[in-house]
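Reproduced below: work.cif, with mmCIF, C-alpha atoms.
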```cif
data_final
loop_
_atom_site.label_atom_id
_atom_site.label_comp_id
_atom_site.auth_asym_id
_atom_site.auth_seq_id
_atom_site.Cartn_x
_atom_site.Cartn_y
_atom_site.Cartn_z
CA ALA A 1 55.93 16.47 47.91
CA PRO A 2 54.99 15.27 44.45
CA GLY A 3 51.43 14.34 43.81
CA ARG A 4 49.41 12.54 41.19
CA ALA A 5 48.12 15.71 39.57
CA ALA A 6 48.46 16.04 35.80
CA ARG A 7 51.18 18.48 34.86
CA LYS A 8 50.87 21.37 32.44
CA TYR A 9 52.62 21.79 29.08
CA ALA A 10 54.49 25.05 28.56
CA ALA A 11 51.85 27.75 28.39
CA MET A 12 51.63 30.17 25.48
CA ALA A 13 49.03 32.52 26.86
CA SER A 14 49.18 34.85 29.81
CA PHE A 15 46.87 37.58 31.06
CA ASN A 16 47.16 40.29 33.67
CA GLU A 17 43.46 41.10 34.02
CA ASP A 18 40.82 38.97 35.68
CA PRO A 19 40.49 35.78 33.60
CA ALA A 20 36.68 35.89 33.78
CA ASP A 21 36.67 39.43 32.36
CA ARG A 22 39.20 38.44 29.71
CA ALA A 23 37.13 35.39 28.75
CA ALA A 24 33.99 37.52 28.35
CA GLU A 25 35.92 40.00 26.20
CA LEU A 26 37.31 37.25 23.98
CA GLU A 27 33.87 35.64 23.61
CA ARG A 28 32.52 38.96 22.32
CA MET A 29 35.44 39.32 19.92
CA LEU A 30 35.28 35.77 18.59
CA VAL A 31 31.52 35.32 18.27
CA GLY A 32 30.68 34.42 14.68
CA HIS A 33 34.34 33.94 13.76
CA VAL A 34 35.91 30.69 12.58
CA CYS A 35 39.37 29.73 13.76
CA THR A 36 41.96 31.16 11.38
CA LEU A 37 45.57 32.23 11.71
CA GLU A 38 44.30 35.68 12.76
CA THR A 39 41.94 34.38 15.47
CA ALA A 40 43.87 31.27 16.61
CA PHE A 41 45.64 32.89 19.52
CA GLY A 42 42.35 34.32 20.72
CA PHE A 43 40.84 30.83 20.86
CA TYR A 44 43.90 29.56 22.71
CA THR A 45 43.74 32.37 25.26
CA LEU A 46 39.99 31.88 25.65
CA GLY A 47 40.66 28.25 26.61
CA ASP A 48 43.31 29.39 29.07
CA CYS A 49 40.95 31.91 30.70
CA ARG A 50 38.07 29.46 30.92
CA TYR A 51 40.33 26.84 32.46
CA ALA A 52 41.58 29.37 35.03
CA ILE A 53 38.03 30.09 36.22
CA GLY A 54 37.08 26.41 36.37
CA ASP A 55 35.00 26.34 33.18
CA TYR A 56 36.65 23.16 31.94
CA LYS A 57 33.98 22.30 29.38
CA GLY A 58 34.26 25.80 27.96
CA ALA A 59 38.04 25.46 27.84
CA HIS A 60 37.63 22.16 25.99
CA GLU A 61 35.37 23.81 23.42
CA ALA A 62 37.91 26.55 22.73
CA TRP A 63 40.92 24.25 22.51
CA LYS A 64 38.99 21.67 20.46
CA THR A 65 38.09 24.37 17.95
CA LEU A 66 41.75 25.31 17.72
CA HIS A 67 43.25 21.85 17.27
CA GLU A 68 40.54 20.79 14.80
CA ALA A 69 41.32 23.89 12.71
CA ASN A 70 44.96 22.68 12.48
CA ILE A 71 46.30 26.16 11.73
CA THR A 72 49.94 25.40 12.53
CA ASN A 73 51.68 22.36 13.99
CA ALA A 74 52.71 24.27 17.11
CA LEU A 75 49.20 25.57 17.81
CA THR A 76 47.64 22.17 17.18
CA ASP A 77 50.12 20.50 19.54
CA GLN A 78 49.49 23.04 22.28
CA ALA A 79 45.72 22.84 21.89
CA LEU A 80 45.66 19.04 21.94
CA PHE A 81 47.68 18.90 25.15
CA GLN A 82 45.66 21.57 26.90
CA ASP A 83 42.44 19.93 25.72
CA GLY A 84 43.60 16.77 27.46
CA ARG A 85 43.95 18.74 30.68
CA ALA A 86 40.50 20.31 30.29
CA LEU A 87 38.83 16.98 29.57
CA ASP A 88 40.60 15.39 32.54
CA ALA A 89 39.51 18.23 34.84
CA SER A 90 35.90 17.94 33.61
CA GLY A 91 35.89 14.21 34.40
CA ASP A 92 35.84 12.91 30.82
CA LEU A 93 38.84 10.65 31.28
CA LEU A 94 38.43 8.56 28.15
CA ALA A 95 38.27 11.67 25.98
CA ALA A 96 41.31 13.06 27.82
CA ILE A 97 43.22 9.87 27.01
CA HIS A 98 42.25 10.28 23.34
CA ALA A 99 43.46 13.89 23.29
CA TYR A 100 46.73 13.03 25.00
CA ASN A 101 47.31 10.07 22.69
CA SER A 102 46.68 12.33 19.69
CA PHE A 103 49.31 14.68 21.04
CA ALA A 104 51.70 11.79 21.76
CA ALA A 105 51.36 10.56 18.18
CA ARG A 106 52.63 13.97 17.06
CA GLN A 107 55.20 14.48 19.84
CA PRO A 108 56.23 10.99 21.02
CA GLU A 109 59.36 12.25 22.79
CA GLU A 110 57.43 14.59 25.12
CA ALA A 111 57.77 13.02 28.57
CA LEU A 112 55.01 15.11 30.13
CA VAL A 113 52.18 13.67 28.03
CA HIS A 114 53.15 10.14 29.01
CA PHE A 115 53.18 11.15 32.67
CA ASN A 116 49.68 12.59 32.39
CA LEU A 117 48.47 9.45 30.62
CA GLY A 118 49.95 7.35 33.42
CA GLU A 119 48.16 9.46 36.00
CA ILE A 120 44.79 8.95 34.31
CA TYR A 121 45.33 5.23 33.77
CA GLY A 122 46.21 4.91 37.45
CA ARG A 123 42.99 6.60 38.51
CA LEU A 124 41.07 4.24 36.25
CA GLY A 125 42.79 1.25 37.86
CA GLN A 126 44.49 0.34 34.58
CA PHE A 127 47.80 -0.19 36.32
CA SER A 128 49.53 -2.04 33.49
CA ASP A 129 48.91 0.86 31.09
CA ALA A 130 49.86 3.32 33.82
CA ALA A 131 53.16 1.53 34.43
CA LYS A 132 54.04 1.60 30.73
CA ALA A 133 53.28 5.30 30.56
CA TYR A 134 55.27 6.11 33.70
CA HIS A 135 58.28 4.10 32.53
CA LEU A 136 58.19 5.95 29.22
CA ALA A 137 57.86 9.33 30.94
CA ALA A 138 60.81 8.56 33.22
CA ASP A 139 62.98 7.36 30.35
CA LEU A 140 62.17 10.35 28.13
CA ASP A 141 62.69 13.09 30.72
CA LYS A 142 66.00 14.78 29.91
CA SER A 143 65.32 18.02 31.78
CA ALA A 144 67.82 19.54 34.15
CA ASP A 145 65.77 18.84 37.28
CA LEU A 146 64.28 15.51 36.08
CA GLN A 147 61.00 16.52 37.72
CA VAL A 148 58.81 14.49 35.39
CA ARG A 149 61.01 11.43 36.01
CA ARG A 150 60.76 11.95 39.76
CA ASP A 151 56.98 12.32 39.68
CA ALA A 152 56.60 9.32 37.37
CA LEU A 153 58.67 7.09 39.66
CA PHE A 154 56.77 8.33 42.72
CA ASN A 155 53.39 7.53 41.18
CA LEU A 156 54.61 4.22 39.78
CA GLY A 157 55.94 3.17 43.18
CA GLY A 158 52.63 4.14 44.76
CA ASP A 159 50.65 2.09 42.24
CA GLN A 160 52.93 -0.91 42.77
CA THR A 161 52.47 -0.66 46.52
CA LYS A 162 48.67 -0.50 46.10
CA GLN A 163 48.80 -3.69 44.06
CA GLY A 164 50.94 -5.48 46.63
CA LEU A 165 53.91 -5.55 44.24
CA TYR A 166 56.18 -4.58 47.07
CA LEU A 167 59.50 -5.75 45.61
CA ASP A 168 58.78 -3.82 42.42
CA ALA A 169 57.84 -0.79 44.52
CA VAL A 170 61.07 -1.11 46.51
CA ALA A 171 63.10 -1.11 43.28
CA THR A 172 61.21 1.87 41.86
CA LEU A 173 61.33 3.95 45.02
CA THR A 174 65.00 3.12 45.65
CA THR A 175 65.74 4.62 42.23
CA LEU A 176 63.66 7.68 43.12
CA VAL A 177 65.37 8.18 46.47
CA GLY A 178 68.73 8.00 44.70
CA LEU A 179 67.67 10.77 42.33
CA ASP A 180 66.31 12.90 45.17
CA ASP A 181 69.29 12.55 47.47
CA GLY A 182 67.01 11.41 50.28
CA ALA A 183 63.86 13.52 50.09
CA GLY A 184 61.90 12.61 53.21
CA PHE A 185 58.56 12.18 51.46
CA HIS A 186 60.03 9.59 49.13
CA VAL A 187 62.05 7.83 51.81
CA LEU A 188 58.79 7.33 53.74
CA ARG A 189 57.16 5.63 50.74
CA LEU A 190 60.23 3.43 50.36
CA ALA A 191 59.98 2.46 54.03
CA GLU A 192 56.33 1.49 53.55
CA ALA A 193 57.19 -0.64 50.53
CA LEU A 194 60.00 -2.35 52.46
CA LYS A 195 57.58 -3.10 55.29
CA GLY A 196 55.16 -4.62 52.79
CA ALA A 197 57.97 -6.72 51.34
CA GLY A 198 58.71 -8.11 54.80
CA LYS A 199 62.07 -6.35 55.12
CA ARG A 200 61.39 -4.91 58.55
CA ASP A 201 64.97 -4.00 59.48
CA ASP A 202 65.41 -2.06 56.24
CA ALA A 203 61.97 -0.53 56.67
CA LEU A 204 62.80 0.67 60.17
CA ARG A 205 66.07 2.18 59.01
CA GLU A 206 64.37 4.08 56.18
CA ALA A 207 61.43 5.14 58.37
CA GLN A 208 63.87 6.59 60.90
CA ARG A 209 65.69 8.38 58.10
CA ALA A 210 62.37 9.75 56.84
CA VAL A 211 61.61 11.16 60.30
CA ALA A 212 64.99 12.89 60.41
CA LEU A 213 64.65 14.30 56.89
CA LEU A 214 61.07 15.47 57.32
CA THR A 215 61.85 17.09 60.66
CA LYS A 216 64.42 19.39 59.08
CA ALA A 217 62.83 19.75 55.62
CA THR A 218 62.27 23.32 54.43
CA ILE A 219 61.43 25.14 51.21
CA ASP A 220 61.94 28.72 50.11
CA GLY A 221 59.08 30.87 51.35
CA PHE A 222 55.98 29.64 53.14
CA ASP A 223 53.55 27.22 51.49
CA ALA A 224 50.69 26.10 53.73
CA ASP A 225 49.85 23.08 51.57
CA TRP A 226 53.46 21.89 51.55
CA GLU A 227 53.75 22.38 55.32
CA ASN A 228 50.57 20.38 55.91
CA GLU A 229 51.94 17.60 53.71
CA ARG A 230 55.24 17.66 55.60
CA GLN A 231 53.54 17.41 58.97
CA THR A 232 51.24 14.62 57.78
CA ALA A 233 54.19 12.67 56.36
CA LEU A 234 56.16 13.24 59.54
CA ARG A 235 53.31 11.80 61.63
CA GLU A 236 53.07 8.82 59.29
CA ALA A 237 56.82 8.21 59.45
CA SER A 238 56.86 8.49 63.24
CA ALA A 239 53.93 6.06 63.51
CA LEU A 240 55.70 3.62 61.20
CA VAL A 241 58.86 3.79 63.32
CA GLY A 242 56.80 3.14 66.44
CA ALA A 243 54.99 0.19 64.87
CA LEU A 244 58.19 -1.41 63.58
CA GLU A 245 59.99 -0.90 66.88
CA ALA A 246 57.05 -2.46 68.73
CA VAL A 247 57.18 -5.55 66.51
CA ALA A 248 60.93 -5.85 67.03
CA ALA A 249 60.53 -5.49 70.80
CA ALA A 250 57.76 -8.10 70.89
CA GLU A 251 59.85 -10.57 68.90
CA ALA A 252 62.85 -9.98 71.17
CA SER A 253 60.69 -10.50 74.27
CA LEU A 254 59.29 -13.71 72.81
CA ALA A 255 62.76 -14.97 71.98
CA ASP A 256 63.93 -14.26 75.57
CA ALA A 257 60.91 -16.10 76.94
CA VAL A 258 61.66 -19.16 74.81
CA VAL A 259 65.28 -19.20 75.99
#
```

The structure given in the file should be rewritten as structure tokens.
Amino acid sequence: APGRAARKYAAMASFNEDPADRAAELERMLVGHVCTLETAFGFYTLGDCRYAIGDYKGAHEAWKTLHEANITNALTDQALFQDGRALDASGDLLAAIHAYNSFAARQPEEALVHFNLGEIYGRLGQFSDAAKAYHLAADLDKSADLQVRRDALFNLGGDQTKQGLYLDAVATLTTLVGLDDGAGFHVLRLAEALKGAGKRDDALREAQRAVALLTKATIDGFDADWENERQTALREASALVGALEAVAAAEASLADAVV
């Protein structure tokens, strides 16, 4: 199931050893050195290692050094994006927005940065800005799997539901379900939006479909987090079906009594 988490730009660095050990080694190598073409990749990798061990402020320092040095366009772009992730993870959301916007000014066609901006705006309750960012991310995503578009529509539909904009949420989530060919997680959110919009018959139909899809949903390999999400969503879908059926039964009973 998609979540609200910020997504990562294509990584340049990789390491086989323990990232804490690699970070310590790079710190020894880079101490006293400015960021140049020769040391730039070391600063990038240092940020990667620090991020991997949860040292988000340290990662920010490394990536900030790199993008402020402006060695090459590619390195600056990468460092700006990753700095946005580090700042977000450290809780400095306004600085993360600034870093992401700096990246977006350089790479306006990159769907992923607009998705991450939408995610932060949503957490800040700036739903209008979030909606603009999510729409842009969805429109710009031309990838084969359209994953950014799917995640953007999912988050946008969730924000619209939170705001009580149920008809907007229904439109957004209907588009998402069409892209996903009926993924149960998304069908459940559509059912909830339909219920909020007062379309109980449609909501019941989609909730029942969500139960069926979630019951048989599988992924390659075993993922405990995914399985927990599936079971939680299945319980929510089943409860929604029960609630909607109970309302329908009560209305039918009342109608019979009146007759």

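Rounded to one decimal, atom CA of A:Asn228 and atom CA of A:Gly178 lie 24.7 Å from each other.
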
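If you count all atoms listed in the file and ignore residues fewer than 2 places along the chain from A:Leu136, what sits within 12 Å of it is Ala104, Pro108, Glu109, Glu110, Ala111, Leu112, Val113, His114, Phe115, Asn116, Leu117, Gly118, Asp129, Ala130, Ala131, Lys132, Ala133, Tyr134, Ala138, Asp139, Leu140, Asp141, Lys142, Val148, Arg149, Ala152, Leu153 and Leu156 of chain A.
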
Could you build a table of the residues in stretch 89-203 of chain A lying no more than 12 Å from stretch 57-68 of chain A, giving for each the nearest pair of atoms and their separation in Å rounded to one decimal place, using all atoms listed in the file, ordered by chain and ascending residue number, as JSON lines?
```
{"residue": "A:Ala89", "atom": "CA", "partner": "A:Lys57", "partner_atom": "CA", "distance": 8.8}
{"residue": "A:Ser90", "atom": "CA", "partner": "A:Lys57", "partner_atom": "CA", "distance": 6.4}
{"residue": "A:Gly91", "atom": "CA", "partner": "A:Lys57", "partner_atom": "CA", "distance": 9.7}
{"residue": "A:Asp92", "atom": "CA", "partner": "A:Lys57", "partner_atom": "CA", "distance": 9.7}
{"residue": "A:Ala95", "atom": "CA", "partner": "A:His60", "partner_atom": "CA", "distance": 10.5}
{"residue": "A:Ala96", "atom": "CA", "partner": "A:His60", "partner_atom": "CA", "distance": 10.0}
{"residue": "A:Ala99", "atom": "CA", "partner": "A:Lys64", "partner_atom": "CA", "distance": 9.4}
{"residue": "A:Ser102", "atom": "CA", "partner": "A:His67", "partner_atom": "CA", "distance": 10.4}
{"residue": "A:Phe103", "atom": "CA", "partner": "A:His67", "partner_atom": "CA", "distance": 10.1}
```

Evaluate the PyMOL selection byres ((chain A and resi 185-187) around 9) and record the selected residues as a PDB file with C-alpha atoms, keeping the file's coordinate frame, following the chain and residue labels used in the document.
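Below you can see expr-v5.pdb, which holds the result:
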```pdb
ATOM      1  CA  ALA A   1      55.930  16.470  47.910  1.00  0.00           C
ATOM      2  CA  PRO A   2      54.990  15.270  44.450  1.00  0.00           C
ATOM      3  CA  PHE A 154      56.770   8.330  42.720  1.00  0.00           C
ATOM      4  CA  LEU A 173      61.330   3.950  45.020  1.00  0.00           C
ATOM      5  CA  THR A 174      65.000   3.120  45.650  1.00  0.00           C
ATOM      6  CA  LEU A 176      63.660   7.680  43.120  1.00  0.00           C
ATOM      7  CA  VAL A 177      65.370   8.180  46.470  1.00  0.00           C
ATOM      8  CA  ASP A 180      66.310  12.900  45.170  1.00  0.00           C
ATOM      9  CA  GLY A 182      67.010  11.410  50.280  1.00  0.00           C
ATOM     10  CA  ALA A 183      63.860  13.520  50.090  1.00  0.00           C
ATOM     11  CA  GLY A 184      61.900  12.610  53.210  1.00  0.00           C
ATOM     12  CA  LEU A 188      58.790   7.330  53.740  1.00  0.00           C
ATOM     13  CA  ARG A 189      57.160   5.630  50.740  1.00  0.00           C
ATOM     14  CA  LEU A 190      60.230   3.430  50.360  1.00  0.00           C
ATOM     15  CA  ALA A 191      59.980   2.460  54.030  1.00  0.00           C
ATOM     16  CA  GLU A 192      56.330   1.490  53.550  1.00  0.00           C
ATOM     17  CA  GLU A 206      64.370   4.080  56.180  1.00  0.00           C
ATOM     18  CA  ALA A 207      61.430   5.140  58.370  1.00  0.00           C
ATOM     19  CA  ARG A 209      65.690   8.380  58.100  1.00  0.00           C
ATOM     20  CA  ALA A 210      62.370   9.750  56.840  1.00  0.00           C
ATOM     21  CA  LEU A 213      64.650  14.300  56.890  1.00  0.00           C
ATOM     22  CA  LEU A 214      61.070  15.470  57.320  1.00  0.00           C
ATOM     23  CA  GLU A 229      51.940  17.600  53.710  1.00  0.00           C
ATOM     24  CA  ARG A 230      55.240  17.660  55.600  1.00  0.00           C
ATOM     25  CA  ALA A 233      54.190  12.670  56.360  1.00  0.00           C
ATOM     26  CA  LEU A 234      56.160  13.240  59.540  1.00  0.00           C
TER      27      LEU A 234
END
```

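The set of protein, DNA and RNA residues with any counted atom at most 9 Å from (42.6, 8.9, 35.5) (all atoms listed in the file) reads Asp88, Gly91, Leu93, Leu94, Ala96, Ile97, Asn116, Leu117, Gly118, Glu119, Ile120, Tyr121, Gly122, Arg123, Leu124, Gly125 and Gln126 of chain A.
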
Export C-alpha atoms of the chosen residues as a PDB file, keeping the file's coordinate frame?
```pdb
ATOM      1  CA  ASP A  88      40.600  15.390  32.540  1.00  0.00           C
ATOM      2  CA  GLY A  91      35.890  14.210  34.400  1.00  0.00           C
ATOM      3  CA  LEU A  93      38.840  10.650  31.280  1.00  0.00           C
ATOM      4  CA  LEU A  94      38.430   8.560  28.150  1.00  0.00           C
ATOM      5  CA  ALA A  96      41.310  13.060  27.820  1.00  0.00           C
ATOM      6  CA  ILE A  97      43.220   9.870  27.010  1.00  0.00           C
ATOM      7  CA  ASN A 116      49.680  12.590  32.390  1.00  0.00           C
ATOM      8  CA  LEU A 117      48.470   9.450  30.620  1.00  0.00           C
ATOM      9  CA  GLY A 118      49.950   7.350  33.420  1.00  0.00           C
ATOM     10  CA  GLU A 119      48.160   9.460  36.000  1.00  0.00           C
ATOM     11  CA  ILE A 120      44.790   8.950  34.310  1.00  0.00           C
ATOM     12  CA  TYR A 121      45.330   5.230  33.770  1.00  0.00           C
ATOM     13  CA  GLY A 122      46.210   4.910  37.450  1.00  0.00           C
ATOM     14  CA  ARG A 123      42.990   6.600  38.510  1.00  0.00           C
ATOM     15  CA  LEU A 124      41.070   4.240  36.250  1.00  0.00           C
ATOM     16  CA  GLY A 125      42.790   1.250  37.860  1.00  0.00           C
ATOM     17  CA  GLN A 126      44.490   0.340  34.580  1.00  0.00           C
TER      18      GLN A 126
END
```

All heavy atoms are what I want for stretch 91-102 of chain A; can you complete it accordingly and write them as a PDB file, in the coordinates of the input?
```pdb
ATOM      1  N   GLY A  91      36.297  15.561  34.055  1.00  0.00           N
ATOM      2  CA  GLY A  91      35.890  14.210  34.400  1.00  0.00           C
ATOM      3  C   GLY A  91      35.719  13.279  33.222  1.00  0.00           C
ATOM      4  O   GLY A  91      35.384  12.102  33.409  1.00  0.00           O
ATOM      5  N   ASP A  92      35.963  13.750  32.014  1.00  0.00           N
ATOM      6  CA  ASP A  92      35.840  12.910  30.820  1.00  0.00           C
ATOM      7  C   ASP A  92      37.190  12.255  30.544  1.00  0.00           C
ATOM      8  O   ASP A  92      37.935  12.664  29.648  1.00  0.00           O
ATOM      9  CB  ASP A  92      35.373  13.746  29.633  1.00  0.00           C
ATOM     10  CG  ASP A  92      34.878  12.888  28.472  1.00  0.00           C
ATOM     11  OD1 ASP A  92      35.168  11.667  28.477  1.00  0.00           O
ATOM     12  OD2 ASP A  92      34.233  13.430  27.570  1.00  0.00           O
ATOM     13  N   LEU A  93      37.503  11.216  31.320  1.00  0.00           N
ATOM     14  CA  LEU A  93      38.840  10.650  31.280  1.00  0.00           C
ATOM     15  C   LEU A  93      39.149   9.937  29.971  1.00  0.00           C
ATOM     16  O   LEU A  93      40.288   9.999  29.484  1.00  0.00           O
ATOM     17  CB  LEU A  93      39.029   9.678  32.455  1.00  0.00           C
ATOM     18  CG  LEU A  93      38.849  10.282  33.854  1.00  0.00           C
ATOM     19  CD1 LEU A  93      39.211   9.262  34.927  1.00  0.00           C
ATOM     20  CD2 LEU A  93      39.671  11.551  34.015  1.00  0.00           C
ATOM     21  N   LEU A  94      38.175   9.262  29.405  1.00  0.00           N
ATOM     22  CA  LEU A  94      38.430   8.560  28.150  1.00  0.00           C
ATOM     23  C   LEU A  94      38.718   9.545  27.018  1.00  0.00           C
ATOM     24  O   LEU A  94      39.610   9.307  26.182  1.00  0.00           O
ATOM     25  CB  LEU A  94      37.247   7.662  27.794  1.00  0.00           C
ATOM     26  CG  LEU A  94      36.981   6.510  28.766  1.00  0.00           C
ATOM     27  CD1 LEU A  94      35.801   5.667  28.274  1.00  0.00           C
ATOM     28  CD2 LEU A  94      38.219   5.643  28.942  1.00  0.00           C
ATOM     29  N   ALA A  95      37.997  10.650  26.993  1.00  0.00           N
ATOM     30  CA  ALA A  95      38.270  11.670  25.980  1.00  0.00           C
ATOM     31  C   ALA A  95      39.623  12.328  26.234  1.00  0.00           C
ATOM     32  O   ALA A  95      40.343  12.673  25.279  1.00  0.00           O
ATOM     33  CB  ALA A  95      37.159  12.727  25.989  1.00  0.00           C
ATOM     34  N   ALA A  96      39.999  12.496  27.499  1.00  0.00           N
ATOM     35  CA  ALA A  96      41.310  13.060  27.820  1.00  0.00           C
ATOM     36  C   ALA A  96      42.414  12.139  27.316  1.00  0.00           C
ATOM     37  O   ALA A  96      43.417  12.599  26.761  1.00  0.00           O
ATOM     38  CB  ALA A  96      41.438  13.268  29.325  1.00  0.00           C
ATOM     39  N   ILE A  97      42.236  10.832  27.514  1.00  0.00           N
ATOM     40  CA  ILE A  97      43.220   9.870  27.010  1.00  0.00           C
ATOM     41  C   ILE A  97      43.350   9.991  25.498  1.00  0.00           C
ATOM     42  O   ILE A  97      44.457   9.972  24.946  1.00  0.00           O
ATOM     43  CB  ILE A  97      42.814   8.429  27.408  1.00  0.00           C
ATOM     44  CG1 ILE A  97      43.031   8.223  28.911  1.00  0.00           C
ATOM     45  CG2 ILE A  97      43.606   7.393  26.612  1.00  0.00           C
ATOM     46  CD1 ILE A  97      42.482   6.909  29.432  1.00  0.00           C
ATOM     47  N   HIS A  98      42.223  10.138  24.804  1.00  0.00           N
ATOM     48  CA  HIS A  98      42.250  10.280  23.340  1.00  0.00           C
ATOM     49  C   HIS A  98      43.024  11.531  22.934  1.00  0.00           C
ATOM     50  O   HIS A  98      43.851  11.489  22.003  1.00  0.00           O
ATOM     51  CB  HIS A  98      40.832  10.330  22.801  1.00  0.00           C
ATOM     52  CG  HIS A  98      40.765  10.527  21.317  1.00  0.00           C
ATOM     53  ND1 HIS A  98      41.066   9.524  20.417  1.00  0.00           N
ATOM     54  CD2 HIS A  98      40.456  11.630  20.575  1.00  0.00           C
ATOM     55  CE1 HIS A  98      40.943   9.982  19.185  1.00  0.00           C
ATOM     56  NE2 HIS A  98      40.567  11.257  19.253  1.00  0.00           N
ATOM     57  N   ALA A  99      42.762  12.648  23.618  1.00  0.00           N
ATOM     58  CA  ALA A  99      43.460  13.890  23.290  1.00  0.00           C
ATOM     59  C   ALA A  99      44.955  13.764  23.544  1.00  0.00           C
ATOM     60  O   ALA A  99      45.783  14.168  22.712  1.00  0.00           O
ATOM     61  CB  ALA A  99      42.873  15.056  24.094  1.00  0.00           C
ATOM     62  N   TYR A 100      45.314  13.197  24.685  1.00  0.00           N
ATOM     63  CA  TYR A 100      46.730  13.030  25.000  1.00  0.00           C
ATOM     64  C   TYR A 100      47.407  12.079  24.019  1.00  0.00           C
ATOM     65  O   TYR A 100      48.552  12.304  23.603  1.00  0.00           O
ATOM     66  CB  TYR A 100      46.893  12.515  26.424  1.00  0.00           C
ATOM     67  CG  TYR A 100      46.767  13.565  27.501  1.00  0.00           C
ATOM     68  CD1 TYR A 100      46.137  13.279  28.713  1.00  0.00           C
ATOM     69  CD2 TYR A 100      47.299  14.841  27.338  1.00  0.00           C
ATOM     70  CE1 TYR A 100      46.026  14.229  29.716  1.00  0.00           C
ATOM     71  CE2 TYR A 100      47.199  15.794  28.336  1.00  0.00           C
ATOM     72  CZ  TYR A 100      46.563  15.490  29.521  1.00  0.00           C
ATOM     73  OH  TYR A 100      46.460  16.436  30.517  1.00  0.00           O
ATOM     74  N   ASN A 101      46.726  11.002  23.654  1.00  0.00           N
ATOM     75  CA  ASN A 101      47.310  10.070  22.690  1.00  0.00           C
ATOM     76  C   ASN A 101      47.476  10.716  21.317  1.00  0.00           C
ATOM     77  O   ASN A 101      48.436  10.416  20.596  1.00  0.00           O
ATOM     78  CB  ASN A 101      46.469   8.803  22.597  1.00  0.00           C
ATOM     79  CG  ASN A 101      46.806   7.795  23.678  1.00  0.00           C
ATOM     80  OD1 ASN A 101      47.944   7.689  24.123  1.00  0.00           O
ATOM     81  ND2 ASN A 101      45.810   7.042  24.125  1.00  0.00           N
ATOM     82  N   SER A 102      46.548  11.586  20.951  1.00  0.00           N
ATOM     83  CA  SER A 102      46.680  12.330  19.690  1.00  0.00           C
ATOM     84  C   SER A 102      47.906  13.226  19.731  1.00  0.00           C
ATOM     85  O   SER A 102      48.644  13.335  18.737  1.00  0.00           O
ATOM     86  CB  SER A 102      45.413  13.156  19.425  1.00  0.00           C
ATOM     87  OG  SER A 102      44.284  12.325  19.259  1.00  0.00           O
TER      88      SER A 102
END
```
